[in-house]
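Working notes, beginning with the structure itself.
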Amino acid sequence: MRIDPHHGVVGRAAPRTDALAQASGGLVYVDDLSYPSMLHGKILRSPQAHARIVSIDTSAAAALPGVHAVLTGADLPIAYGLLPVAQDEHALAIDKVRQVGDAVAAVAADDPDIAQRAVELIDVVYEPLPVVATMNDAVEIVDEPIHGDGPRNNRHREVSLDFGDVDAGFDRADHIREDVFFYQGNNHAALEPHGAVALVEDDGRLHLWSATQVPHYLHRIVAKVLEIPEHRIRVTANPTGGGFGAKTDVFAHELVAAKLALATGRPVKLILTREEVFYAHRGRHPVLMWIRTGFTGAGEITAMWFRTYVDGGAYGSYGPASLLYTGQLQTTTYRIPAYRFQGVRFFTNKPACGPKRGHGTPQPRFGLEVHLDKAAEDLGLDPVTIRERNLVHPFSTTVNHLRITSCGLADCIERVVEASEFRAKHRNLPPNRGIGLAVGAYMSGAGLPIYFNDMPQSEVLLKVDRGGLVTVYSMAADCGQGSTTMLATVVGEALGLDAADLAVVTADTDLTPIDLGSYSSRVTFMAGNAALEAAMKLADLILTAVADELELDTDDVRLGRGVVLAGDREIPWPDAVRMAEARWGLLTAAGSYKPPKGIRGDYKGAGVGPSPAYSYSACVAEVDCDPETGFVAVEQVWLAHDIGRAINPLLVRGQIEGSVHMALGETLMEEQAFRGALHDGPSLLDYKIPTALEMPPVEAILVESIDPEGPFGAKEVGQGPLLPVMPAVANAVHDALGIRVDEIPLRPDKILAALRDRERDGQGRYGPTDLPAYEFRPPLPVDPPPELR
Amino acid sequence: MRYDADMVEPQVEPVRLEVNGIERRLFVAPHRTLLETLREDLGLTGTKHGCELGECGACTVLVDGVAVLSCLALTLDADGAEIVTIEGIGSVSHPHPLQRSFADHGAAQCGYCTPAMILTAKALLDRDPHPTDREITEAIAGNMCRCTGYLPIVRAIAAVAAEDRP
Amino acid sequence: MLRLPVLRHAAPTSLDEAIARLSEDGAMLAAGGTDLVPNLKRRQYPEAKTIVSLRRVTGLDGVSVDDDGTLRIGAMTTVARLADDGAVPEVLREAAGAVASPQLRNRGTVGGNLCVDTRCHWLNVPETWREAAEPCLKAGGEMCWVAPAKKVCWAVSSSDLAPAMVALDASVRLAGPDGERTTPVAELYRDDGMDHLAKAPNEILVEVIVPPLGERRAGYRKLRRRGSIDFPILGVAAVLEIDGDVCTDARLVLGAVASAPVRVTAAEDLLTGRALDANVIQEAAELAGKAVRPMSNTDLTSRYRKKMVPVFVRRLLRDLVDA
Ligand SMILES: Cc1cc2nc3c(=O)[nH]c(=O)nc-3n(C[C@H](O)[C@H](O)[C@H](O)COP(=O)(O)OP(=O)(O)OC[C@H]3O[C@@H](n4cnc5c(N)ncnc54)[C@H](O)[C@@H]3O)c2cc1C
Ligand code: FES
Ligand code: FES
């Protein structure tokens, strides 16, 4: 049922409900907690990328005065992993280490200096093993697989799928184009380092606080690894100082802090250093891709073959999903009648990759949008036209069985093209200046939970007290995106109350009902819908009670702003609430949300990609390049985003501007690169996050397509706006200099290399050409949905 | 070669700081930074940290009116200094105009860079009440923000500067 | 949270006391501490026992101008003050304004900047990382990972002020146990990443003396990835005396391409006595490019940084001629 806002709460550019607490330094992040007699934990990390642990001697550490506990792998022997199919991690290494930075041992001590000293006293003897540093190594070095045994085991996962008749599609094409791209990995670099605090509560239960985006998954895994029933554990997610996916996995330090608290009976704090954050990683996967697309003479896609080679790092993490994401969402923006997707994820001896803003989709989106730009040039079309000719239709089904509902992509393109004067500028700007266009789409929440179950993905509980205060309970963790404000706004709108007048209790497994977590841009859509359902039920209870009390027809009673309008009377909200409590007893209402059935196919892999709704964005970037230094200055970015409906335009704009910042960092300078298996510089000096000086003006344009299933029509904005920025800049650089750097980041030295290539009668290209010598298995045919057959 | 802590016997020394207008006398270990003292000895956790190496700006506080990185300043070197932290310029109940403006402009998302940004901005406005947007941008170029893309931060600071204009 | 190792602290109030404390075993001098503290936190100085702070020694900060126009900059003058002071020539203000970030400039000093330790990708990294790699020469190991062939450390001189001061022919006044001496900044440096300062560890830089610039033109250009925070990966400083069309004297100095600032005398000689047209400038720029061999030990590739030398030199010289 579509519900339109009419109280003026939704749609208002209001500050976050906790904005003043943030601005006054009062918001309590995990490292701000402290408890009497609290100990400080510290983890000893492996300096070896791949080695067998021959022995660990902790006696000197244990004997150091002030040390209360020392742990090694034997103390936490149970394997875990966020996905049921990837149970390949241990809190502390057992038998072998697989990356520099693997946790090997841990201590709890009276103060951080003693803890530091204690880990230095732990003596570990390693027997080095062959190091798998690259995807080529992963294929070639097979004697000592990183996980398990068997010759091909450095291949973690493989996908090979055919949707529709791909060969026939290519046969039908007038023009076929092939390209190879590489997208380097990068880190979330949230400003707050990860951390956890654990203690044993008065009732003997374990309480773990963490800077996490996924308190529910953390709860489950702590229970599993520590072998304690879930009801004996309470997990609280502190507000995080930035997430972006960095804090959506479960990490060694969380499990270790919990175990140390149990071992010592004292509160334990364990905060990572920045170096450790780079080793914990779970950031963007490096992806090498090969794309082949057939076009008609008019530029319509007849078939596409997309291959991705994904460098996963040392552990599975979200990898099986990440791999599928490198192929699944291409069809959400363009009609691709026949589609072959082959992808492989390798294990390498480097920090494990995982989900970062856009999870698995920015890499192929970059490739696809640059590939399309090149195809447009081949075909004599402009970048707008080739996209418009292939745009996905609203309310359609894709060849890989994704259900598309509302889609404002055409609008987004039109709005950015107009605002930027793209048509007039493209190919016409002065030398070294250029303009580029690209689009993207992202999910408003993954259709399936991480572990298979039939329960709701989000639940919200409302409770009203006699003073009229409505408290919203939800496990949604605010990682800066504003989910707490969103919940207050949705419930406020439904009840006619100011968002700032509600109370919201979040992210605590003792107090709040399930929300699966702040990942996959799911919270506004899913927790928002659960909140809306609960609020509608609550409204109903209150209106019925007022109607009964005043002996009015229920049709004559409705909600006003802070009042109940009953016939010609205005009952103040608190009075109405008291009438309802008298009528029903304690006033509570619950709502829950589960994505509808039928939004996915039933092939293996179909679980990744479906979403109840997709957001769309289009981006134009204008650049000024220095052909002598290779520096690219982004002068302005225009970004139109189909948000469905902007619940809070201030926060929506903030997500767009923030996405542009993160995207420009990836585009131009950020890279989690390695020398062998050694990180290229695990610090915020060597890892280049753009400063304020690198940030261009951004014109954020909101397109409201009003999704039929989103809360008040809303969709996501946390991740989608990042996607088109990288290719838009790359396309702009091409417009400026006539070269192609088919690799992210577009470092100055690569720009110069491409220019050099052109001088030497080359095509003016810098980028990969070779693919790993890996044979995919033959694609599994999947019938397209009936309407596309 | 690993650092060998046995070489040095820990000791504590007295220090006198004026923190947010209040004189604090305490004993600290010589290797303690102002960041650690403020957060861990004085409980002023509004000061954040993201790198502890001078690279992110999150630990900025005002020492004698100047924005400095508390993660690189030794507490003993601050003996006798006037220190202002985010707690010292306003509160939820009585916000400083910059705190109010940051809230209103959506200049904080996760809020982790915010205290440092506000103090950096305060030092700027104390020195130059009417900076241009470019000057604001340059002034905050040592403070990383990973969430906002800086633009709302510049707007928030510019708005306070404009309010203050005669 | 990354913390300092356990250390002692000394806060001498006079130069003599500071020199005495500095003569003790394991003493490290701190001015602003913005270079020393991060290096200590990364455990780069395992021998460190005591931080000797210069902050209580009075009379070491401030900028003054002698009657003849000679500029005197106290070692404890902050980099921010230098960037802001109207009495300071533009070239130094440019170089100072390009140092690090605003907060680091507020704390970092001119003396510290000139003495800033050399840097390398294999050294200025956190401890687990350094342990993962075999220790390099400077970290007590057997060889330099940047150029394993020779037993030489190539860590990079990373001061922004150093090349500018050398170009200006500035001198430093040093105080040590045996009294004071004054030496040209150019001679303060050795092209050795392990031991880049030609002074005793217990000699304290007290003052920088900059001869008047007069009618000469001077400028500084810096290459780095971001507009703030980043160390130079190339610095170019030049001072030109131009009479009519003809260059009568030239000094050209490159920073961040070796373990010490590099004076490109070949280019200076070429420029001197010539009218600085585009060809001459180009030729000088190319000579500068040939004079240095940056290594793969800091941001961006060595090849790229080498290519940028002539570009930055040409741009600076052209700007100075056009000014
Ligand atoms: C993130 C980051 C970025 C940076 N970027 C730059 C940059 O772009 N350009 C740049 O030039 N620097 C940069 N620096 C380094 C540093 O901040 C500056 O060079 C600063 O000016 C150093 O001054 P200080 O007083 O803080 O030095 P300190 O750390 O106090 O000292 C540095 C060294 O000099 C010695 N020393 C200090 N004063 C004296 C003296 N009077 N006599 C003898 N020896 C002395 C110390 O013993 C120490 O070895 C950066 C630092 C960081 C952390
Ligand atoms: S914590 Fe001080 S600058 Fe990052
Ligand atoms: S608001 Fe999150 S880092 Fe700035």
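If you're wondering about the labels, chains in the structure tokens are A, B, ... by order shown, residues count from 1 in each chain, ligands from 1 in order shown.
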
* Kindly provide, as number ranges by chain, all nucleotide and amino acid residues lying within 8 Å of ligand 1, counting only C-alpha atoms and all ligand atoms. => A: 685; B: 53-56; C: 28-38, 54, 75-76, 78-79, 96, 98-101, 104-105, 107-117, 158-162, 174, 201-207, 228-232

* To do: Tell me, as an MDAnalysis selection string, which residues lie within 7 Å of Ala677 in chain A, counting only C-alpha atoms; anything in the same chain fewer than 4 positions away does not count.
  => chainID A and resid 49 133 349:350

Please produce a file of those selected residues containing all heavy atoms, as a short mmCIF file (atom, residue, chain, number, x, y, z; two decimals), in the first residue's frame.
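Wrote it out as selection08.cif, contents follow:
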```
data_model
loop_
_atom_site.label_atom_id
_atom_site.label_comp_id
_atom_site.auth_asym_id
_atom_site.auth_seq_id
_atom_site.Cartn_x
_atom_site.Cartn_y
_atom_site.Cartn_z
N ALA A 49 53.38 -13.25 5.74
CA ALA A 49 52.21 -13.28 4.87
C ALA A 49 51.62 -14.68 4.77
O ALA A 49 50.42 -14.86 4.64
CB ALA A 49 52.58 -12.78 3.47
N ALA A 133 50.92 -13.66 -3.84
CA ALA A 133 50.75 -12.21 -3.74
C ALA A 133 49.78 -11.67 -4.78
O ALA A 133 49.17 -10.62 -4.58
CB ALA A 133 52.10 -11.51 -3.88
N ASN A 349 47.57 -13.97 -0.26
CA ASN A 349 48.05 -13.73 1.11
C ASN A 349 48.07 -12.24 1.45
O ASN A 349 49.10 -11.67 1.77
CB ASN A 349 49.43 -14.33 1.30
CG ASN A 349 49.40 -15.85 1.30
OD1 ASN A 349 50.04 -16.49 0.48
ND2 ASN A 349 48.64 -16.44 2.21
N LYS A 350 46.90 -11.62 1.36
CA LYS A 350 46.78 -10.19 1.63
C LYS A 350 45.52 -9.99 2.47
O LYS A 350 44.68 -10.88 2.55
CB LYS A 350 46.69 -9.42 0.31
CG LYS A 350 47.96 -9.54 -0.53
CD LYS A 350 47.89 -8.75 -1.82
CE LYS A 350 46.92 -9.35 -2.80
NZ LYS A 350 47.06 -8.79 -4.16
#
```

* **Contacts to ligand 2 at 10 Å cut-off (only C-alpha atoms and all ligand atoms) as a PyMOL selection string** => (chain A and resi 191-192+274+683-685) or (chain B and resi 35+47-61+68-73+113+116+142-144) or (chain C and resi 1-2+38+103-104)

Please save N, CA, C and O atoms of the selected residues as a compact mmCIF listing (two decimals), in the first residue's frame.
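Just written: selection.txt:
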```txt
# COMPACT_ATOMS: atom_id res chain seq x y z
N LEU A 191 37.09 7.29 9.61
CA LEU A 191 38.03 8.03 10.45
C LEU A 191 38.23 7.37 11.81
O LEU A 191 39.31 7.44 12.39
N GLU A 192 37.20 6.72 12.30
CA GLU A 192 37.33 6.04 13.59
C GLU A 192 37.90 4.65 13.38
O GLU A 192 37.35 3.85 12.63
N ARG A 274 45.63 2.40 13.36
CA ARG A 274 45.32 2.57 11.93
C ARG A 274 45.98 1.47 11.11
O ARG A 274 45.40 0.96 10.15
N SER A 683 48.90 3.66 6.38
CA SER A 683 48.76 4.86 7.20
C SER A 683 47.94 5.87 6.43
O SER A 683 47.79 5.76 5.21
N LEU A 684 47.42 6.86 7.13
CA LEU A 684 46.61 7.87 6.45
C LEU A 684 47.49 8.91 5.75
O LEU A 684 46.97 9.80 5.10
N LEU A 685 48.80 8.78 5.87
CA LEU A 685 49.68 9.63 5.08
C LEU A 685 49.93 8.97 3.72
O LEU A 685 49.85 9.62 2.68
N LEU B 35 46.68 14.11 23.86
CA LEU B 35 45.49 13.36 23.47
C LEU B 35 45.13 12.33 24.54
O LEU B 35 43.98 12.23 24.97
N THR B 47 37.53 14.79 22.28
CA THR B 47 38.69 14.83 21.38
C THR B 47 38.90 13.43 20.82
O THR B 47 39.03 12.47 21.58
N LYS B 48 38.93 13.31 19.50
CA LYS B 48 38.99 11.99 18.86
C LYS B 48 40.39 11.71 18.33
O LYS B 48 41.27 12.56 18.38
N HIS B 49 40.54 10.52 17.76
CA HIS B 49 41.82 10.16 17.16
C HIS B 49 41.58 9.19 16.02
O HIS B 49 40.70 8.34 16.10
N GLY B 50 42.35 9.35 14.95
CA GLY B 50 42.17 8.45 13.82
C GLY B 50 43.47 7.85 13.32
O GLY B 50 43.46 6.97 12.47
N CYS B 51 44.60 8.36 13.81
CA CYS B 51 45.87 7.85 13.30
C CYS B 51 46.98 7.92 14.34
O CYS B 51 47.91 7.14 14.31
N GLU B 52 46.87 8.90 15.23
CA GLU B 52 47.88 9.13 16.28
C GLU B 52 49.26 9.44 15.71
O GLU B 52 50.27 9.32 16.40
N LEU B 53 49.31 9.83 14.44
CA LEU B 53 50.59 10.13 13.81
C LEU B 53 50.60 11.49 13.12
O LEU B 53 51.49 11.78 12.32
N GLY B 54 49.60 12.30 13.40
CA GLY B 54 49.59 13.64 12.81
C GLY B 54 49.05 13.69 11.40
O GLY B 54 49.29 14.66 10.68
N GLU B 55 48.33 12.65 10.98
CA GLU B 55 47.96 12.56 9.58
C GLU B 55 46.49 12.84 9.29
O GLU B 55 46.11 13.00 8.14
N CYS B 56 45.64 12.86 10.34
CA CYS B 56 44.19 12.95 10.06
C CYS B 56 43.51 14.17 10.65
O CYS B 56 42.42 14.53 10.24
N GLY B 57 44.10 14.79 11.65
CA GLY B 57 43.51 16.00 12.21
C GLY B 57 42.42 15.78 13.25
O GLY B 57 41.96 16.75 13.87
N ALA B 58 42.01 14.54 13.49
CA ALA B 58 40.86 14.29 14.36
C ALA B 58 41.11 14.68 15.81
O ALA B 58 40.18 14.85 16.60
N CYS B 59 42.37 14.82 16.19
CA CYS B 59 42.71 15.07 17.58
C CYS B 59 42.97 16.54 17.86
O CYS B 59 43.52 16.89 18.91
N THR B 60 42.59 17.42 16.92
CA THR B 60 42.89 18.84 17.05
C THR B 60 42.26 19.44 18.32
O THR B 60 41.08 19.24 18.58
N VAL B 61 43.07 20.16 19.08
CA VAL B 61 42.56 20.97 20.19
C VAL B 61 43.23 22.34 20.09
O VAL B 61 44.14 22.54 19.29
N VAL B 68 46.25 22.70 17.32
CA VAL B 68 47.37 21.77 17.20
C VAL B 68 46.87 20.34 17.34
O VAL B 68 45.75 20.09 17.81
N LEU B 69 47.72 19.42 16.94
CA LEU B 69 47.35 18.00 17.00
C LEU B 69 47.77 17.44 18.36
O LEU B 69 48.97 17.35 18.66
N SER B 70 46.77 17.04 19.13
CA SER B 70 47.09 16.60 20.49
C SER B 70 47.81 15.26 20.49
O SER B 70 48.45 14.90 21.47
N CYS B 71 47.74 14.51 19.39
CA CYS B 71 48.41 13.21 19.36
C CYS B 71 49.92 13.35 19.24
O CYS B 71 50.65 12.40 19.47
N LEU B 72 50.39 14.54 18.85
CA LEU B 72 51.83 14.73 18.72
C LEU B 72 52.42 15.60 19.83
O LEU B 72 53.63 15.80 19.90
N ALA B 73 51.54 16.15 20.66
CA ALA B 73 52.02 17.05 21.71
C ALA B 73 52.20 16.27 23.00
O ALA B 73 51.29 15.57 23.45
N CYS B 113 34.82 13.41 12.99
CA CYS B 113 35.78 14.48 12.71
C CYS B 113 35.31 15.80 13.28
O CYS B 113 36.03 16.79 13.25
N ALA B 116 37.05 18.19 16.09
CA ALA B 116 38.29 18.77 15.58
C ALA B 116 38.00 19.83 14.53
O ALA B 116 38.64 20.88 14.48
N GLY B 142 43.79 20.26 6.94
CA GLY B 142 44.52 19.27 7.73
C GLY B 142 43.59 18.38 8.52
O GLY B 142 44.04 17.58 9.34
N ASN B 143 42.30 18.53 8.29
CA ASN B 143 41.30 17.73 9.01
C ASN B 143 40.61 16.83 8.00
O ASN B 143 39.92 17.32 7.11
N MET B 144 40.76 15.55 8.17
CA MET B 144 40.06 14.66 7.25
C MET B 144 38.64 14.44 7.70
O MET B 144 38.36 14.31 8.89
N MET C 1 44.95 2.48 19.79
CA MET C 1 45.64 3.77 19.78
C MET C 1 47.15 3.53 19.81
O MET C 1 47.64 2.79 20.64
N LEU C 2 47.83 4.18 18.88
CA LEU C 2 49.28 4.05 18.82
C LEU C 2 49.90 5.02 19.82
O LEU C 2 49.56 6.19 19.84
N PRO C 38 55.94 11.18 15.67
CA PRO C 38 55.50 10.06 14.83
C PRO C 38 56.59 9.02 14.62
O PRO C 38 56.33 7.81 14.65
N GLN C 103 47.61 22.55 11.08
CA GLN C 103 47.92 22.25 12.48
C GLN C 103 49.40 21.90 12.66
O GLN C 103 50.01 22.23 13.67
N LEU C 104 49.96 21.19 11.68
CA LEU C 104 51.38 20.83 11.78
C LEU C 104 52.26 22.07 11.63
O LEU C 104 53.30 22.17 12.27
```

* Asked: Which parts of range 198-348 of chain A does DSSP call strand (DSSP E or B) when run on the backbone here, written out as a ChimeraX atom specification?
  -> /A:198-200,206-210,233-237,268-271,284,287-295,301-311,334,339-346

* Protein and nucleic residues near ligand 3, 8 Å, only C-alpha atoms and all ligand atoms, as a PyMOL selection string -> (chain A and resi 190-192+241-242+480) or (chain B and resi 107-114+144-148+150)

* Quick one: which residues from chain A are at most 8 Å off chain C, using only C-alpha atoms, as a PyMOL selection string? -> chain A and resi 45-49+100-101+113+271-275+628-629+669+678-679+681-683+685-686+688+690-691+693-694+749

* Neighbour list for Ile86 in chain B as a list of chain:residue names, cut-off 9 Å, only C-alpha atoms, skip fewer than 6 positions in-chain -> A:Ala23, A:Ser24, A:Gly25, B:Asn20, B:Leu44, B:Gly46, B:Thr47, B:Val61, B:Pro115, B:Ala116, B:Ile118, B:Leu119

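The spacing separating CA of Pro184 in chain C from CA of Leu213 in chain C amounts to 15.8 Å.
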
* What lies within 8 Å of range 156-168 of chain A using only C-alpha atoms, ignoring chain neighbours under 5 positions off, as a ChimeraX atom specification? -> /A:303-305,316,320,323-324,337-347,399-400,605,776-784,789

Put those residues in a file: N, CA and C atoms, as a PDB file, in the first residue's frame.
```
ATOM      1  N   ALA A 303      24.083  -8.454 -26.959  1.00  0.00           N
ATOM      2  CA  ALA A 303      24.565  -9.467 -26.016  1.00  0.00           C
ATOM      3  C   ALA A 303      25.758  -8.898 -25.276  1.00  0.00           C
ATOM      4  N   MET A 304      25.979  -9.419 -24.082  1.00  0.00           N
ATOM      5  CA  MET A 304      27.152  -8.982 -23.329  1.00  0.00           C
ATOM      6  C   MET A 304      27.780 -10.180 -22.632  1.00  0.00           C
ATOM      7  N   TRP A 305      29.098 -10.187 -22.657  1.00  0.00           N
ATOM      8  CA  TRP A 305      29.856 -11.233 -21.967  1.00  0.00           C
ATOM      9  C   TRP A 305      30.790 -10.509 -21.018  1.00  0.00           C
ATOM     10  N   GLY A 316      37.430 -15.610   3.099  1.00  0.00           N
ATOM     11  CA  GLY A 316      36.182 -15.562   2.340  1.00  0.00           C
ATOM     12  C   GLY A 316      35.400 -14.294   2.591  1.00  0.00           C
ATOM     13  N   PRO A 320      31.935 -14.522  -1.526  1.00  0.00           N
ATOM     14  CA  PRO A 320      31.042 -15.169  -2.479  1.00  0.00           C
ATOM     15  C   PRO A 320      29.965 -14.209  -3.006  1.00  0.00           C
ATOM     16  N   LEU A 323      31.713 -11.468  -5.278  1.00  0.00           N
ATOM     17  CA  LEU A 323      31.989 -11.990  -6.613  1.00  0.00           C
ATOM     18  C   LEU A 323      30.738 -11.878  -7.489  1.00  0.00           C
ATOM     19  N   LEU A 324      29.605 -12.324  -6.950  1.00  0.00           N
ATOM     20  CA  LEU A 324      28.375 -12.254  -7.746  1.00  0.00           C
ATOM     21  C   LEU A 324      27.997 -10.811  -8.061  1.00  0.00           C
ATOM     22  N   PRO A 337      19.717  -8.229 -23.627  1.00  0.00           N
ATOM     23  CA  PRO A 337      18.841  -9.362 -23.945  1.00  0.00           C
ATOM     24  C   PRO A 337      19.505 -10.709 -23.724  1.00  0.00           C
ATOM     25  N   ALA A 338      20.819 -10.768 -23.812  1.00  0.00           N
ATOM     26  CA  ALA A 338      21.511 -12.038 -23.572  1.00  0.00           C
ATOM     27  C   ALA A 338      22.802 -11.702 -22.838  1.00  0.00           C
ATOM     28  N   TYR A 339      23.047 -12.441 -21.770  1.00  0.00           N
ATOM     29  CA  TYR A 339      24.124 -12.009 -20.888  1.00  0.00           C
ATOM     30  C   TYR A 339      24.890 -13.217 -20.360  1.00  0.00           C
ATOM     31  N   ARG A 340      26.188 -13.195 -20.543  1.00  0.00           N
ATOM     32  CA  ARG A 340      27.034 -14.243 -19.965  1.00  0.00           C
ATOM     33  C   ARG A 340      27.914 -13.601 -18.904  1.00  0.00           C
ATOM     34  N   PHE A 341      27.881 -14.205 -17.723  1.00  0.00           N
ATOM     35  CA  PHE A 341      28.722 -13.688 -16.643  1.00  0.00           C
ATOM     36  C   PHE A 341      29.592 -14.809 -16.107  1.00  0.00           C
ATOM     37  N   GLN A 342      30.892 -14.575 -16.162  1.00  0.00           N
ATOM     38  CA  GLN A 342      31.841 -15.527 -15.597  1.00  0.00           C
ATOM     39  C   GLN A 342      32.754 -14.786 -14.638  1.00  0.00           C
ATOM     40  N   GLY A 343      32.851 -15.291 -13.463  1.00  0.00           N
ATOM     41  CA  GLY A 343      33.693 -14.606 -12.486  1.00  0.00           C
ATOM     42  C   GLY A 343      34.391 -15.611 -11.593  1.00  0.00           C
ATOM     43  N   VAL A 344      35.556 -15.206 -11.112  1.00  0.00           N
ATOM     44  CA  VAL A 344      36.287 -16.090 -10.206  1.00  0.00           C
ATOM     45  C   VAL A 344      36.924 -15.230  -9.125  1.00  0.00           C
ATOM     46  N   ARG A 345      36.866 -15.733  -7.909  1.00  0.00           N
ATOM     47  CA  ARG A 345      37.523 -15.034  -6.798  1.00  0.00           C
ATOM     48  C   ARG A 345      38.654 -15.914  -6.290  1.00  0.00           C
ATOM     49  N   PHE A 346      39.822 -15.315  -6.150  1.00  0.00           N
ATOM     50  CA  PHE A 346      40.995 -16.050  -5.675  1.00  0.00           C
ATOM     51  C   PHE A 346      41.340 -15.669  -4.252  1.00  0.00           C
ATOM     52  N   PHE A 347      41.935 -16.625  -3.545  1.00  0.00           N
ATOM     53  CA  PHE A 347      42.579 -16.304  -2.279  1.00  0.00           C
ATOM     54  C   PHE A 347      44.013 -15.857  -2.565  1.00  0.00           C
ATOM     55  N   VAL A 399      17.106  -9.880 -17.674  1.00  0.00           N
ATOM     56  CA  VAL A 399      17.389 -11.210 -18.200  1.00  0.00           C
ATOM     57  C   VAL A 399      17.904 -12.138 -17.094  1.00  0.00           C
ATOM     58  N   ASN A 400      18.531 -11.550 -16.053  1.00  0.00           N
ATOM     59  CA  ASN A 400      18.958 -12.400 -14.931  1.00  0.00           C
ATOM     60  C   ASN A 400      17.951 -12.381 -13.783  1.00  0.00           C
ATOM     61  N   GLY A 605      23.140 -18.642  -7.388  1.00  0.00           N
ATOM     62  CA  GLY A 605      23.691 -17.288  -7.517  1.00  0.00           C
ATOM     63  C   GLY A 605      22.582 -16.249  -7.566  1.00  0.00           C
ATOM     64  N   PHE A 776      37.561 -20.860 -17.221  1.00  0.00           N
ATOM     65  CA  PHE A 776      36.245 -20.955 -16.575  1.00  0.00           C
ATOM     66  C   PHE A 776      35.549 -22.227 -17.006  1.00  0.00           C
ATOM     67  N   ARG A 777      34.682 -22.745 -16.146  1.00  0.00           N
ATOM     68  CA  ARG A 777      33.900 -23.885 -16.599  1.00  0.00           C
ATOM     69  C   ARG A 777      32.808 -23.356 -17.532  1.00  0.00           C
ATOM     70  N   PRO A 778      32.259 -24.249 -18.367  1.00  0.00           N
ATOM     71  CA  PRO A 778      31.258 -23.778 -19.336  1.00  0.00           C
ATOM     72  C   PRO A 778      30.077 -23.152 -18.602  1.00  0.00           C
ATOM     73  N   PRO A 779      29.502 -22.099 -19.167  1.00  0.00           N
ATOM     74  CA  PRO A 779      28.406 -21.429 -18.474  1.00  0.00           C
ATOM     75  C   PRO A 779      27.168 -22.313 -18.337  1.00  0.00           C
ATOM     76  N   LEU A 780      26.528 -22.151 -17.213  1.00  0.00           N
ATOM     77  CA  LEU A 780      25.285 -22.871 -16.944  1.00  0.00           C
ATOM     78  C   LEU A 780      24.143 -22.085 -17.570  1.00  0.00           C
ATOM     79  N   PRO A 781      23.374 -22.698 -18.477  1.00  0.00           N
ATOM     80  CA  PRO A 781      22.302 -21.913 -19.109  1.00  0.00           C
ATOM     81  C   PRO A 781      21.153 -21.639 -18.145  1.00  0.00           C
ATOM     82  N   VAL A 782      20.697 -20.405 -18.141  1.00  0.00           N
ATOM     83  CA  VAL A 782      19.537 -20.044 -17.332  1.00  0.00           C
ATOM     84  C   VAL A 782      18.512 -19.427 -18.274  1.00  0.00           C
ATOM     85  N   ASP A 783      17.309 -19.951 -18.247  1.00  0.00           N
ATOM     86  CA  ASP A 783      16.267 -19.388 -19.112  1.00  0.00           C
ATOM     87  C   ASP A 783      15.930 -17.979 -18.660  1.00  0.00           C
ATOM     88  N   PRO A 784      15.792 -17.078 -19.605  1.00  0.00           N
ATOM     89  CA  PRO A 784      15.339 -15.737 -19.221  1.00  0.00           C
ATOM     90  C   PRO A 784      13.908 -15.801 -18.683  1.00  0.00           C
ATOM     91  N   ARG A 789      11.454 -14.161 -23.209  1.00  0.00           N
ATOM     92  CA  ARG A 789      11.841 -15.312 -24.029  1.00  0.00           C
ATOM     93  C   ARG A 789      11.506 -15.068 -25.478  1.00  0.00           C
TER      94      ARG A 789
END
```

* To do: For Asp31 in chain A, please output as a PyMOL selection string all residues within 8 Å (counting only C-alpha atoms; exclusion window: fewer than 5 positions along the same chain).
  => chain A and resi 195-197+269+271

* All residues 9 Å or closer to Arg119 in chain C, only C-alpha atoms, same chain fewer than 6 positions away omitted, as a ChimeraX atom specification -> /C:154-158,193,259,297-298

* Interatomic distance between CA of Thr212 in chain A and CA of Ala503 in chain A? -> 21.5 Å

* Work out how far apart CA of Val652 in chain A and CA of Leu559 in chain A are and give it in Å to one decimal. =>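 Calculated distance between CA of Val652 in chain A and CA of Leu559 in chain A is 27.1 Å.
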